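Below: entry33.cif (mmCIF, C-alpha atoms and all ligand atoms)
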data_query
loop_
_atom_site.label_atom_id
_atom_site.label_comp_id
_atom_site.auth_asym_id
_atom_site.auth_seq_id
_atom_site.Cartn_x
_atom_site.Cartn_y
_atom_site.Cartn_z
CA MET A 110 -105.03 -90.27 23.11
CA THR A 111 -103.26 -92.13 25.91
CA LYS A 112 -105.22 -92.89 29.05
CA ALA A 113 -104.56 -93.92 32.62
CA ILE A 114 -105.03 -97.61 33.40
CA LEU A 115 -106.83 -98.60 36.60
CA ILE A 116 -104.80 -101.09 38.65
CA LYS A 117 -106.97 -101.11 41.80
CA ASP A 118 -109.84 -98.99 43.11
CA ASN A 119 -108.76 -95.34 42.81
CA ILE A 120 -105.20 -96.21 41.82
CA TYR A 121 -104.02 -95.80 38.22
CA TRP A 122 -100.91 -96.52 36.19
CA VAL A 123 -99.92 -93.26 34.48
CA GLY A 124 -96.46 -94.18 33.21
CA ALA A 125 -94.87 -94.21 29.80
CA ARG A 126 -93.85 -96.89 27.34
CA ASP A 127 -90.46 -96.47 25.74
CA TYR A 128 -90.59 -98.91 22.83
CA ASN A 129 -87.38 -97.87 21.13
CA SER A 130 -84.64 -97.90 23.76
CA ARG A 131 -82.11 -100.65 23.20
CA ASN A 132 -79.70 -99.45 25.85
CA PHE A 133 -80.59 -98.68 29.44
CA HIS A 134 -78.60 -96.25 31.60
CA GLY A 135 -76.16 -95.36 28.86
CA ALA A 136 -74.72 -98.48 27.28
CA ILE A 137 -74.27 -100.55 30.45
CA PHE A 138 -77.41 -102.61 29.96
CA PRO A 139 -78.46 -103.55 26.41
CA ILE A 140 -82.19 -104.28 26.37
CA GLU A 141 -84.17 -106.12 23.75
CA GLU A 142 -87.63 -104.65 23.65
CA GLY A 143 -87.60 -101.23 25.29
CA THR A 144 -88.86 -100.54 28.78
CA THR A 145 -91.51 -98.72 30.76
CA TYR A 146 -91.25 -95.90 33.27
CA ASN A 147 -94.04 -96.61 35.69
CA ALA A 148 -95.76 -93.87 37.65
CA TYR A 149 -98.93 -94.24 39.67
CA LEU A 150 -101.75 -91.86 40.48
CA VAL A 151 -103.60 -92.30 43.78
CA ILE A 152 -107.00 -90.64 43.88
CA ASP A 153 -108.19 -89.69 47.34
CA LYS A 154 -109.15 -86.52 49.21
CA GLU A 155 -105.65 -85.46 48.21
CA VAL A 156 -104.37 -86.60 44.81
CA THR A 157 -100.90 -88.16 44.91
CA LEU A 158 -98.50 -89.12 42.16
CA ILE A 159 -95.93 -91.80 42.88
CA ASP A 160 -92.84 -91.06 40.75
CA THR A 161 -92.67 -89.26 37.44
CA VAL A 162 -91.08 -90.49 34.19
CA GLU A 163 -88.09 -89.56 32.06
CA LEU A 164 -88.44 -85.99 30.84
CA GLN A 165 -88.96 -86.83 27.16
CA PHE A 166 -92.03 -88.93 28.08
CA MET A 167 -93.74 -86.33 30.26
CA ASP A 168 -96.34 -85.39 27.64
CA GLU A 169 -97.51 -88.98 27.63
CA MET A 170 -97.64 -89.12 31.43
CA LEU A 171 -99.50 -85.82 31.76
CA GLU A 172 -102.05 -86.94 29.19
CA ARG A 173 -102.69 -90.12 31.16
CA ILE A 174 -103.02 -88.10 34.40
CA LYS A 175 -105.45 -85.65 32.86
CA SER A 176 -107.58 -88.50 31.53
CA VAL A 177 -108.49 -89.11 35.21
CA ILE A 178 -108.32 -85.80 37.05
CA LYS A 179 -108.93 -83.38 34.16
CA ASP A 180 -107.97 -79.93 35.47
CA GLN A 181 -107.94 -80.87 39.12
CA PRO A 182 -104.52 -80.30 40.75
CA ILE A 183 -102.16 -82.96 42.08
CA ASP A 184 -101.48 -82.35 45.76
CA ASN A 185 -98.47 -84.58 46.38
CA VAL A 186 -95.71 -86.27 44.46
CA ILE A 187 -93.63 -89.04 46.02
CA ILE A 188 -90.15 -89.01 44.55
CA GLN A 189 -89.01 -92.51 45.33
CA HIS A 190 -85.73 -92.13 43.44
CA GLY A 191 -83.90 -89.15 41.94
CA GLU A 192 -82.37 -90.95 38.96
CA ASN A 193 -83.29 -89.39 35.64
CA ASP A 194 -85.54 -92.18 34.39
CA HIS A 195 -87.95 -91.48 37.25
CA ALA A 196 -87.32 -87.93 38.38
CA SER A 197 -86.20 -85.82 35.42
CA GLY A 198 -89.90 -85.34 34.58
CA PHE A 199 -90.33 -83.50 37.88
CA THR A 200 -88.96 -80.34 36.26
CA GLU A 201 -91.92 -80.41 33.86
CA LEU A 202 -94.42 -81.56 36.48
CA VAL A 203 -93.92 -78.45 38.62
CA LYS A 204 -94.70 -76.24 35.63
CA HIS A 205 -98.15 -77.83 35.50
CA TYR A 206 -98.63 -78.21 39.26
CA PRO A 207 -96.63 -75.39 40.91
CA ASN A 208 -98.18 -75.92 44.35
CA ILE A 209 -97.42 -79.61 44.52
CA LYS A 210 -95.78 -80.99 47.70
CA ALA A 211 -92.80 -83.20 46.91
CA TYR A 212 -91.76 -85.95 49.32
CA ALA A 213 -88.44 -87.79 49.12
CA SER A 214 -85.99 -89.54 51.42
CA LYS A 215 -83.31 -87.31 52.96
CA ALA A 216 -80.82 -88.62 50.39
CA GLY A 217 -83.48 -88.11 47.73
CA VAL A 218 -83.88 -84.45 48.67
CA LEU A 219 -80.12 -83.94 48.25
CA CYS A 220 -80.17 -85.79 44.97
CA MET A 221 -83.07 -83.69 43.67
CA GLN A 222 -81.44 -80.45 44.79
CA LYS A 223 -78.20 -81.34 43.07
CA GLN A 224 -79.76 -82.71 39.91
CA TYR A 225 -82.77 -80.46 39.42
CA PHE A 226 -84.20 -77.62 41.48
CA LYS A 227 -81.93 -76.43 44.24
CA ASP A 228 -84.53 -74.28 45.94
CA PHE A 229 -87.69 -76.38 45.73
CA PRO A 230 -89.12 -76.99 49.24
CA TYR A 231 -88.84 -80.79 49.17
CA ILE A 232 -90.19 -82.58 52.24
CA PRO A 233 -87.81 -85.21 53.60
CA VAL A 234 -89.30 -88.47 54.92
CA LYS A 235 -87.75 -91.50 56.58
CA SER A 236 -88.64 -95.14 57.00
CA TYR A 237 -92.10 -95.70 58.48
CA ASP A 238 -93.16 -92.07 58.15
CA THR A 239 -96.70 -91.93 56.82
CA LEU A 240 -98.76 -89.61 54.67
CA LYS A 241 -102.53 -89.75 55.08
CA THR A 242 -104.24 -88.62 51.88
CA GLY A 243 -107.85 -89.26 53.00
CA GLU A 244 -108.78 -92.93 52.99
CA PHE A 245 -105.29 -94.06 52.04
CA THR A 246 -102.18 -94.16 54.23
CA LEU A 247 -98.84 -94.09 52.45
CA THR A 248 -95.95 -95.58 54.44
CA PHE A 249 -92.39 -95.04 53.26
CA LEU A 250 -89.46 -97.41 53.57
CA GLU A 251 -85.99 -96.26 52.64
CA MET A 252 -84.17 -98.70 50.32
CA PRO A 253 -80.64 -97.26 50.22
CA LEU A 254 -78.54 -98.50 47.32
CA ILE A 255 -81.36 -100.39 45.68
CA HIS A 256 -80.36 -98.75 43.41
CA TRP A 257 -78.95 -95.34 44.55
CA PRO A 258 -78.56 -94.07 48.11
CA ASP A 259 -81.90 -92.27 47.89
CA ASN A 260 -84.28 -95.05 46.81
CA MET A 261 -87.37 -95.71 48.87
CA LEU A 262 -90.59 -97.63 48.45
CA THR A 263 -94.15 -96.69 49.31
CA PHE A 264 -96.70 -99.06 50.83
CA ILE A 265 -100.41 -98.35 50.79
CA SER A 266 -101.89 -100.60 53.45
CA GLU A 267 -105.54 -100.06 52.48
CA ALA A 268 -104.81 -101.02 48.86
CA LYS A 269 -102.27 -103.74 49.76
CA ILE A 270 -99.79 -102.46 47.18
CA ILE A 271 -96.04 -101.99 47.49
CA PHE A 272 -94.68 -99.44 45.02
CA SER A 273 -91.11 -100.69 44.91
CA ASN A 274 -89.43 -98.35 42.41
CA ASP A 275 -86.29 -100.04 40.96
CA ALA A 276 -86.55 -103.13 43.15
CA PHE A 277 -88.36 -105.97 41.35
CA GLY A 278 -88.12 -104.08 38.05
CA GLN A 279 -87.72 -105.81 34.69
CA HIS A 280 -87.67 -104.62 31.10
CA ILE A 281 -90.94 -106.11 29.94
CA ILE A 282 -93.01 -103.84 27.75
CA SER A 283 -96.52 -104.92 26.97
CA SER A 284 -99.94 -103.43 26.50
CA ARG A 285 -100.87 -105.59 29.49
CA LEU A 286 -99.68 -104.26 32.78
CA PHE A 287 -99.75 -107.39 34.90
CA ASP A 288 -97.67 -110.55 35.16
CA THR A 289 -100.90 -112.56 34.95
CA TYR A 290 -100.65 -112.80 31.18
CA LEU A 291 -97.05 -114.04 31.19
CA SER A 292 -95.31 -117.24 32.26
CA TRP A 293 -93.32 -117.20 35.48
CA ASP A 294 -90.28 -118.43 33.57
CA TYR A 295 -90.38 -115.37 31.30
CA CYS A 296 -90.85 -112.99 34.26
CA TYR A 297 -88.05 -114.76 36.16
CA GLN A 298 -85.61 -114.40 33.27
CA LYS A 299 -86.43 -110.71 32.86
CA ALA A 300 -86.25 -110.00 36.60
CA LYS A 301 -82.90 -111.81 36.67
CA ASP A 302 -81.60 -109.74 33.73
CA TYR A 303 -82.52 -106.58 35.57
CA TYR A 304 -81.12 -107.67 38.91
CA ALA A 305 -77.81 -108.84 37.39
CA ASN A 306 -77.28 -105.61 35.48
CA ILE A 307 -78.63 -103.00 37.91
CA VAL A 308 -78.91 -104.32 41.45
CA MET A 309 -76.21 -107.01 41.73
CA PRO A 310 -73.64 -105.00 43.72
CA TYR A 311 -76.18 -104.46 46.48
CA GLY A 312 -77.14 -108.02 47.42
CA LEU A 313 -76.53 -107.43 51.11
CA GLN A 314 -78.91 -104.46 51.16
CA VAL A 315 -81.50 -106.48 49.21
CA SER A 316 -81.31 -109.38 51.69
CA LYS A 317 -81.78 -107.04 54.65
CA LYS A 318 -84.72 -105.23 53.08
CA LEU A 319 -86.45 -108.48 52.13
CA MET A 320 -86.18 -109.51 55.77
CA GLU A 321 -87.44 -106.11 56.95
CA ILE A 322 -90.45 -106.32 54.64
CA ALA A 323 -91.18 -109.87 55.83
CA GLU A 324 -90.95 -108.75 59.47
CA SER A 325 -93.05 -105.62 58.91
CA GLY A 326 -96.23 -107.68 58.81
CA TRP A 327 -97.39 -105.73 55.76
CA GLU A 328 -100.14 -107.47 53.88
CA PHE A 329 -99.79 -106.92 50.14
CA ASP A 330 -101.11 -108.60 47.06
CA MET A 331 -99.38 -106.44 44.46
CA ILE A 332 -95.82 -105.22 43.87
CA ALA A 333 -95.74 -102.33 41.44
CA PRO A 334 -92.16 -101.54 40.36
CA SER A 335 -91.01 -98.60 38.28
CA HIS A 336 -90.04 -100.68 35.23
CA GLY A 337 -91.96 -103.47 33.54
CA VAL A 338 -94.99 -105.38 34.64
CA ILE A 339 -96.82 -105.22 37.97
CA PHE A 340 -96.62 -108.46 39.94
CA LYS A 341 -99.70 -110.03 41.46
CA SER A 342 -99.72 -113.64 40.25
CA TYR A 343 -96.14 -114.59 41.06
CA LEU A 344 -95.44 -112.81 44.35
CA PRO A 345 -94.03 -115.78 46.33
CA GLN A 346 -91.89 -116.78 43.35
CA LEU A 347 -90.65 -113.21 42.93
CA ILE A 348 -89.65 -112.82 46.60
CA SER A 349 -87.93 -116.17 46.54
CA ALA A 350 -86.09 -115.29 43.30
CA TYR A 351 -84.84 -112.06 44.91
CA GLN A 352 -83.64 -114.03 47.94
CA GLU A 353 -81.73 -116.29 45.57
CA PHE A 354 -80.27 -113.36 43.57
CA SER A 355 -79.25 -111.39 46.64
CA THR A 356 -77.03 -114.18 47.96
CA MET A 357 -75.62 -114.91 44.49
CA ALA A 358 -76.86 -118.47 45.01
CA SER A 359 -75.13 -120.65 42.45
CA LYS A 360 -75.83 -123.98 40.83
CA PRO A 361 -73.45 -126.48 39.19
CA LYS A 362 -72.54 -124.12 36.41
CA ALA A 363 -69.49 -122.48 34.88
CA ILE A 364 -69.34 -119.41 32.70
CA ILE A 365 -66.38 -118.89 30.37
CA ILE A 366 -65.76 -115.40 29.01
CA TYR A 367 -62.86 -114.75 26.69
CA ASP A 368 -61.48 -112.62 23.90
CA SER A 369 -59.25 -114.04 21.23
CA VAL A 370 -57.76 -112.75 17.97
CA TRP A 371 -56.23 -115.92 16.47
CA ASN A 372 -58.44 -118.44 18.29
CA ASN A 373 -55.68 -119.75 20.56
CA THR A 374 -57.40 -118.51 23.73
CA GLN A 375 -60.71 -119.60 22.24
CA GLN A 376 -59.42 -123.17 21.79
CA MET A 377 -58.23 -123.19 25.40
CA GLY A 378 -61.66 -122.05 26.60
CA GLU A 379 -63.46 -124.63 24.51
CA ALA A 380 -61.18 -127.44 25.76
CA LEU A 381 -61.83 -126.40 29.38
CA ALA A 382 -65.55 -126.29 28.58
CA GLU A 383 -65.47 -129.88 27.29
CA GLY A 384 -63.97 -131.12 30.55
CA LEU A 385 -66.12 -128.97 32.83
CA GLY A 386 -69.21 -129.99 30.90
CA GLU A 387 -68.92 -133.55 32.19
CA SER A 388 -70.08 -132.42 35.61
CA MET A 389 -71.75 -129.04 35.23
CA GLU A 390 -73.62 -126.74 32.87
CA VAL A 391 -71.18 -124.57 30.92
CA LYS A 392 -71.86 -121.29 29.14
CA ILE A 393 -69.14 -119.88 26.92
CA TYR A 394 -69.06 -116.40 25.40
CA LYS A 395 -66.65 -114.40 23.29
CA ILE A 396 -66.95 -111.05 25.00
CA SER A 397 -66.49 -108.92 21.89
CA ILE A 398 -69.60 -110.34 20.22
CA THR A 399 -71.86 -110.90 23.23
CA SER A 400 -74.28 -108.55 24.96
CA ALA A 401 -73.07 -107.55 28.43
CA ASN A 402 -76.62 -108.21 29.59
CA ILE A 403 -76.36 -111.94 28.81
CA ILE A 404 -72.97 -112.30 30.46
CA MET A 405 -74.00 -110.65 33.74
CA LYS A 406 -77.18 -112.69 33.95
CA GLU A 407 -75.40 -115.99 33.36
CA LEU A 408 -72.64 -115.07 35.80
CA LEU A 409 -75.09 -114.41 38.64
CA ASP A 410 -75.83 -118.10 39.32
CA SER A 411 -72.50 -119.63 38.19
CA GLN A 412 -70.24 -121.38 40.69
CA VAL A 413 -67.10 -120.65 38.75
CA VAL A 414 -66.13 -117.92 36.30
CA LEU A 415 -63.36 -118.58 33.76
CA ILE A 416 -61.84 -115.59 32.03
CA GLY A 417 -59.51 -115.92 29.07
CA SER A 418 -57.44 -113.42 27.14
CA GLY A 419 -54.78 -113.40 24.51
CA CYS A 420 -51.78 -111.14 25.06
CA TYR A 421 -51.87 -107.80 23.27
CA ASN A 422 -48.21 -106.69 23.24
CA ASN A 423 -47.82 -106.87 27.01
CA ILE A 424 -51.38 -106.38 28.28
CA MET A 425 -54.60 -108.41 28.37
CA ALA A 426 -57.34 -107.63 25.85
CA PRO A 427 -58.84 -104.23 26.79
CA SER A 428 -62.32 -105.84 26.59
CA ILE A 429 -61.29 -108.35 29.28
CA ALA A 430 -59.51 -105.74 31.41
CA GLY A 431 -62.68 -103.59 31.30
CA PHE A 432 -64.84 -106.57 32.18
CA ILE A 433 -62.72 -107.51 35.21
CA GLU A 434 -62.86 -103.86 36.29
CA LYS A 435 -66.65 -104.01 36.04
CA LEU A 436 -66.69 -107.19 38.16
CA LYS A 437 -64.79 -105.30 40.84
CA SER A 438 -67.80 -103.04 41.32
CA MET A 439 -70.18 -106.01 41.57
CA ARG A 440 -69.09 -107.12 45.06
CA ILE A 441 -68.87 -110.75 44.03
CA THR A 442 -69.29 -113.30 46.81
CA ASN A 443 -69.23 -117.08 46.89
CA LYS A 444 -67.68 -117.58 43.45
CA LYS A 445 -64.41 -119.01 42.23
CA ALA A 446 -62.48 -117.76 39.24
CA ILE A 447 -59.96 -119.17 36.81
CA ALA A 448 -57.94 -117.08 34.37
CA PHE A 449 -56.38 -118.55 31.22
CA SER A 450 -54.27 -116.98 28.54
CA SER A 451 -52.24 -117.61 25.43
CA TYR A 452 -49.22 -115.43 24.79
CA GLY A 453 -46.36 -115.08 22.31
CA TRP A 454 -43.38 -113.47 23.98
CA PHE A 455 -44.73 -111.92 27.20
CA PRO A 456 -46.06 -114.48 29.71
CA GLY A 457 -47.05 -111.97 32.39
CA ILE A 458 -50.70 -111.21 31.74
CA LEU A 459 -52.04 -114.32 33.47
CA ALA A 460 -50.52 -113.13 36.75
CA ASP A 461 -52.07 -109.71 36.15
CA MET A 462 -55.50 -111.26 35.48
CA ASN A 463 -55.23 -113.41 38.62
CA GLU A 464 -54.34 -110.43 40.74
CA ARG A 465 -57.28 -108.44 39.43
CA LEU A 466 -59.70 -111.32 39.93
CA VAL A 467 -58.66 -111.66 43.57
CA ALA A 468 -59.14 -107.89 43.98
CA ALA A 469 -62.63 -108.33 42.50
CA GLY A 470 -63.56 -110.75 45.29
CA PHE A 471 -63.04 -114.15 43.69
CA GLU A 472 -61.31 -117.14 45.20
CA LEU A 473 -58.78 -118.20 42.61
CA ILE A 474 -58.08 -121.60 41.07
CA ASN A 475 -54.71 -121.70 39.33
CA SER A 476 -52.72 -124.19 37.25
CA PRO A 477 -49.57 -123.93 35.11
CA LEU A 478 -51.59 -125.34 32.19
CA LEU A 479 -53.55 -122.10 32.02
CA ASN A 480 -50.71 -120.04 30.54
CA GLN A 481 -50.20 -121.24 26.95
CA ASN A 482 -47.28 -120.20 24.77
CA TYR A 483 -48.63 -119.55 21.24
CA ALA A 484 -51.17 -122.07 19.87
CA PRO A 485 -52.20 -125.08 21.93
CA ASN A 486 -51.51 -128.41 20.19
CA GLU A 487 -53.59 -131.58 20.51
CA ILE A 488 -51.74 -132.67 23.65
CA ASP A 489 -52.17 -129.23 25.27
CA LEU A 490 -55.89 -129.30 24.51
CA GLU A 491 -56.30 -132.80 25.93
CA LYS A 492 -54.53 -131.69 29.11
CA LEU A 493 -56.80 -128.64 29.36
CA GLN A 494 -59.85 -130.82 28.86
CA GLU A 495 -58.62 -133.08 31.66
CA GLU A 496 -57.97 -129.99 33.82
CA GLY A 497 -61.53 -128.84 33.13
CA LYS A 498 -62.84 -132.23 34.24
CA ILE A 499 -60.80 -132.09 37.47
CA ILE A 500 -62.05 -128.55 38.20
CA GLY A 501 -65.65 -129.57 37.47
CA ASP A 502 -65.34 -132.64 39.73
CA SER A 503 -63.98 -130.47 42.53
CA PHE A 504 -67.38 -128.76 42.75
CA LYS A 505 -69.31 -132.00 43.24
FE1 LIG A 601 -84.85 -96.96 37.23
FE2 LIG A 601 -82.15 -96.34 39.35
O1 LIG A 601 -83.39 -96.03 37.96
#

Can the structure from this file be put into structure tokens for me?
Ligand code: FEO
Amino acid sequence: MTKAILIKDNIYWVGARDYNSRNFHGAIFPIEEGTTYNAYLVIDKEVTLIDTVELQFMDEMLERIKSVIKDQPIDNVIIQHGENDHASGFTELVKHYPNIKAYASKAGVLCMQKQYFKDFPYIPVKSYDTLKTGEFTLTFLEMPLIHWPDNMLTFISEAKIIFSNDAFGQHIISSRLFDTYLSWDYCYQKAKDYYANIVMPYGLQVSKKLMEIAESGWEFDMIAPSHGVIFKSYLPQLISAYQEFSTMASKPKAIIIYDSVWNNTQQMGEALAEGLGESMEVKIYKISITSANIIMKELLDSQVVLIGSGCYNNIMAPSIAGFIEKLKSMRITNKKAIAFSSYGWFPGILADMNERLVAAGFELINSPLLNQNYAPNEIDLEKLQEEGKIIGDSFK
């Protein structure tokens, strides 16, 4: 039998552990070890649930809830986000607790009406509205676009906990709920994975909200997100990491992403990497054999992104075209890009790649050496290596 886990006096984790997912949100985010859907039960004069879980895990969540409150009803549910991984369970929850009051942001109410029950009497709340449940006061803060327009967080001042929903999430699944048992480096890498793959387009909103939280004067010693572990040991590091992520702060680092059938484009990328590597860290990935998760994470803190493609008849590799399209949605700032290509009889794809990279928000670095007719020879590769060195030095 699954049970609730006490995280602070009268506050329990009642989420679910999804050990077997290897893809998150469709196939956009490959994950290694599953994830958790965190929900929290606040016991007070009124009983309040913060978020639900994905529908298929509702039995597990309800069992954990009942391990604390038995047959007592839940008075309130706070729907911090209408996306399915947190809110699809609501449809099941209301079967068990038909008189429950459901609170959501205004955008959350719309989202719930359109996704689930049109006629449920949701109660809209806005930033700094409060709900007194007895001893506890729940304060809401809207977090639009972190990760959908409807997201909000809930702060319980008396317990000093911020329930942050998607913000500060990570895909760590462990029988231990807290960061205390893990190294900061591990938590940082997992938080970075999550940010790069889920939150990256919304850096501006993240920066503003971090500032708002800092200015709110809220005292908190725990951040309880909706995925992964609860933070209490690494709070300053976590906030500072989010500040770094939200500005796409980069270090002396290049990432090279390419696709190549006959290794011509691959050789070009590797020659550029040799030269760049004299002055910066270089990561190089063949896109068709690399997890999108790794690429997005490594791109987040790179100064320069190099993208290579062979010519397929008269177009770039569809894998590269799709990747550049994805970058367009990421609202890239403060990064330079370089495209490189090998072609047989149609030299036009480099110009197409350059155009798309500019449209995706990159500042472009260009050179005639980057468009290679057929296979590069030794002299071509030496020149590319030298070009890589010059580009690397330009970042010093
Ligand atoms: Fe964890 Fe935006 O869902």

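Among the candidates A:Thr356, A:Ser349, A:Gln189, A:Asn463, the one nearest to Tyr297 in chain A when counting only C-alpha atoms is A:Ser349.
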
Who sits within 8 Å of Ile271 in chain A, all atoms listed in the file, same chain under 6 positions skipped, as a list in words: Leu262, Thr263, Phe264, Ile265, Phe329, Met331, Ile332 and Ala333 of chain A

Which residues of range 236-316 of chain A come within 9 Å of range 194-218 of chain A, and what is each one's closest atom pair and distance in Å (one decimal), counting all atoms listed in the file, sorted by chain and residue number, as a Markdown table?
| residue | atom | partner | partner_atom | distance |
| --- | --- | --- | --- | --- |
| A:Ser236 | CA | A:Ser214 | CA | 8.3 |
| A:Phe249 | CA | A:Ser214 | CA | 8.6 |
| A:Leu250 | CA | A:Ser214 | CA | 8.9 |
| A:Glu251 | CA | A:Ser214 | CA | 6.8 |
| A:Pro253 | CA | A:Ala216 | CA | 8.6 |
| A:Pro258 | CA | A:Ala216 | CA | 6.3 |
| A:Asp259 | CA | A:Gly217 | CA | 4.5 |
| A:Asn260 | CA | A:Gly217 | CA | 7.0 |
| A:Met261 | CA | A:Ser214 | CA | 6.8 |
| A:Asn274 | CA | A:His195 | CA | 8.7 |

The selected residues should be written to file as an mmCIF file, in the frame of the given file (atoms: C-alpha atoms).
data_model
loop_
_atom_site.group_PDB
_atom_site.id
_atom_site.type_symbol
_atom_site.label_atom_id
_atom_site.label_comp_id
_atom_site.auth_asym_id
_atom_site.auth_seq_id
_atom_site.Cartn_x
_atom_site.Cartn_y
_atom_site.Cartn_z
ATOM 1 C CA SER A 236 -88.640 -95.140 57.000
ATOM 2 C CA PHE A 249 -92.390 -95.040 53.260
ATOM 3 C CA LEU A 250 -89.460 -97.410 53.570
ATOM 4 C CA GLU A 251 -85.990 -96.260 52.640
ATOM 5 C CA PRO A 253 -80.640 -97.260 50.220
ATOM 6 C CA PRO A 258 -78.560 -94.070 48.110
ATOM 7 C CA ASP A 259 -81.900 -92.270 47.890
ATOM 8 C CA ASN A 260 -84.280 -95.050 46.810
ATOM 9 C CA MET A 261 -87.370 -95.710 48.870
ATOM 10 C CA ASN A 274 -89.430 -98.350 42.410
#

At most 12 Å from ligand LIG 601 (chain A) (all atoms listed in the file): residue list as a ChimeraX atom specification: /A:133-135,138,144-148,160-163,188-197,217,252-261,273-280,303-304,306-308,334-337

Between A:Gln346, A:Ile365, A:Gln165, A:Ser476, which has the minimum distance to Glu383 in chain A (counting only C-alpha atoms)?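 Nearest to Glu383 in chain A: A:Ile365.
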
Skipping near chain neighbours, those fewer than 5 positions away, what residues fall within 12 Å of Ile174 in chain A using all atoms listed in the file, listed as JSON, numbers by chain? {"A": [110, 111, 112, 113, 114, 115, 120, 121, 122, 123, 124, 125, 148, 149, 150, 151, 152, 156, 157, 158, 159, 161, 167, 168, 169, 179, 180, 181, 182, 183, 202, 205, 206]}

Interatomic distance between CA of Ile116 in chain A and CA of Gly326 in chain A? 22.9 Å

Near Leu408 in chain A, counting all atoms listed in the file, which residues have an atom at most 12 Å away, once you skip same-chain residues fewer than 6 positions from it, shown as a PyMOL selection string? chain A and resi 301-302+304-306+309+354+357-366+391-394+401-402+414-416+436+439+441-446

In Å, how far is it from CA of Val315 in chain A to CA of Tyr295 in chain A?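 CA of Val315 in chain A sits 21.9 Å away from CA of Tyr295 in chain A.
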
Looking at only C-alpha atoms, which of A:Thr374, A:Asn422, A:Ser400, A:Ser411 is the one that sits closest to Ala136 in chain A? A:Ser400

With only C-alpha atoms as the counted atoms, please give the residues lying no more than 12 Å from Gln494 in chain A, apart from itself and same-chain residues fewer than 5 positions off, as an MDAnalysis selection string. chainID A and resid 376:387 478:479 485 487:489 499:501

Straight-line distance linking CA of Arg131 in chain A with CA of Met170 in chain A, stated in Å to one decimal: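 CA of Arg131 in chain A sits 21.0 Å away from CA of Met170 in chain A.
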
For Ser369 in chain A, work out the shell of residues within 9 Å, counting all atoms listed in the file and skipping chain neighbours fewer than 2 positions away, then give it as a ChimeraX atom specification. /A:367,371-375,395,397,417-420,426,451

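Shortest separation to Val234 in chain A among A:Thr248, A:Ser503, A:Ser284, A:Gln314 occurs at residue A:Thr248, atoms counted being all atoms listed in the file.
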
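If you measure from each of A:Ile429, A:Cys220, A:Lys435, A:Tyr351 to Met405 in chain A using all atoms listed in the file, the closest one turns out to be A:Lys435.
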